[in-house]
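**Q** Supplied in structure tokens, the structure appears directly below.
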Amino acid sequence: IENTGLSADEQLREHRTKIINGISEANLNSLLDKLLEINVISDAEREEVEENKIRDKARLLVDTVRRKGDAASSEMISLLTELDPYFSEHLGLI
């Protein structure tokens, strides 16, 4: 993760709109699965996110993880950079 001087939850807040508008559905679904796997989100939170259309899914996921604080936000950023390095670089996350 690039050291921008911002905490991970601040980075998610700063890049929220770009993530919501730019993440692919396949990467969003992979991110959901991986965040569940490492206990960043619960089954109930995953199900709530999955009930929505893609942009609303992304919005709800970013906001849910961001509210959990810096450690959860950092996990999400790390997973996003693994899943889509090009998109993450475009956002300035790496």
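All residue names refer to the structure tokens as shown: chains lettered A, B, ... in order, residues numbered from 1 in each chain, ligands numbered from 1 in order.
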Just list the residues in region 18-61 of chain A DSSP gives helix (DSSP H, G or I) on the backbone, as an MDAnalysis selection string.

**A** chainID A and resid 18:22 25:37 43:50 54:61

**Q** Nearest to Ser78 (chain A): which of A:Val65, A:Gly22, A:Arg13, A:Leu93 is it, counting only C-alpha atoms?

**A** A:Leu93

**Q** Quote the spacing between CA of Ile54 (chain A) and CA of Glu89 (chain A) in Å to one decimal place.

**A**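 Distance between the two atoms: 21.4 Å.
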
**Q** Can you measure CA of Val40 (chain A) to CA of His90 (chain A) for me? One decimal in Å is fine.

**A**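 Separation between CA of Val40 (chain A) and CA of His90 (chain A): 24.5 Å.
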
**Q** I'd like the contact shell of Leu83 (chain A) - 8 Å cut-off, only C-alpha atoms, skipping same-chain residues fewer than 6 positions apart - returned as a PyMOL selection string.

**A** chain A and resi 27+30-31

**Q** Quick one: write out the picked residues with N, CA and C atoms as an mmCIF file, in the first residue's frame?

**A**
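Written output follows (selection38.cif):
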data_model
loop_
_atom_site.group_PDB
_atom_site.id
_atom_site.type_symbol
_atom_site.label_atom_id
_atom_site.label_comp_id
_atom_site.auth_asym_id
_atom_site.auth_seq_id
_atom_site.Cartn_x
_atom_site.Cartn_y
_atom_site.Cartn_z
ATOM 1 N N ASN A 27 -14.721 -8.755 -9.759
ATOM 2 C CA ASN A 27 -13.796 -8.399 -8.678
ATOM 3 C C ASN A 27 -14.544 -8.063 -7.394
ATOM 4 N N SER A 30 -15.458 -11.379 -5.853
ATOM 5 C CA SER A 30 -14.260 -11.995 -5.268
ATOM 6 C C SER A 30 -13.865 -11.293 -3.977
ATOM 7 N N LEU A 31 -13.948 -9.980 -3.975
ATOM 8 C CA LEU A 31 -13.625 -9.195 -2.785
ATOM 9 C C LEU A 31 -14.561 -9.562 -1.637
#

**Q** Could you check the closest approach to Ala44 (chain A) for each of A:Glu25, A:Ile77, A:Gly5, A:Thr64 and tell me which residue wins, using only C-alpha atoms?

**A** A:Thr64

**Q** Please provide as a VMD selection string all residues within 10 Å of Leu79 (chain A), with the sequence filter that same-chain residues fewer than 3 positions apart are discarded (counting only C-alpha atoms).

**A** chain A and resid 27 30 to 32 34 to 35 73 to 76 82 to 85 88

**Q** Would you write out those residues with C-alpha atoms, as a PDB file, in the first residue's frame?

**A**
ATOM      1  CA  ASN A  27     -13.796  -8.399  -8.678  1.00  0.00           C
ATOM      2  CA  SER A  30     -14.260 -11.995  -5.268  1.00  0.00           C
ATOM      3  CA  LEU A  31     -13.625  -9.195  -2.785  1.00  0.00           C
ATOM      4  CA  LEU A  32     -16.827 -10.099  -0.927  1.00  0.00           C
ATOM      5  CA  LYS A  34     -12.277 -12.981   0.442  1.00  0.00           C
ATOM      6  CA  LEU A  35     -13.431 -10.438   3.052  1.00  0.00           C
ATOM      7  CA  SER A  73      -9.959  -1.055   5.503  1.00  0.00           C
ATOM      8  CA  SER A  74      -6.331  -2.082   5.089  1.00  0.00           C
ATOM      9  CA  GLU A  75      -7.389  -5.700   4.428  1.00  0.00           C
ATOM     10  CA  MET A  76      -9.855  -4.523   1.777  1.00  0.00           C
ATOM     11  CA  GLU A  82      -4.262  -8.300  -5.445  1.00  0.00           C
ATOM     12  CA  LEU A  83      -7.483  -8.714  -7.442  1.00  0.00           C
ATOM     13  CA  ASP A  84      -7.012  -5.725  -9.729  1.00  0.00           C
ATOM     14  CA  PRO A  85      -3.545  -4.162  -9.627  1.00  0.00           C
ATOM     15  CA  SER A  88      -5.678  -0.058  -7.745  1.00  0.00           C
TER      16      SER A  88
END

**Q** What's the separation between CA of Thr17 (chain A) and CA of Glu37 (chain A), in Å to one decimal place?

**A** 25.1 Å
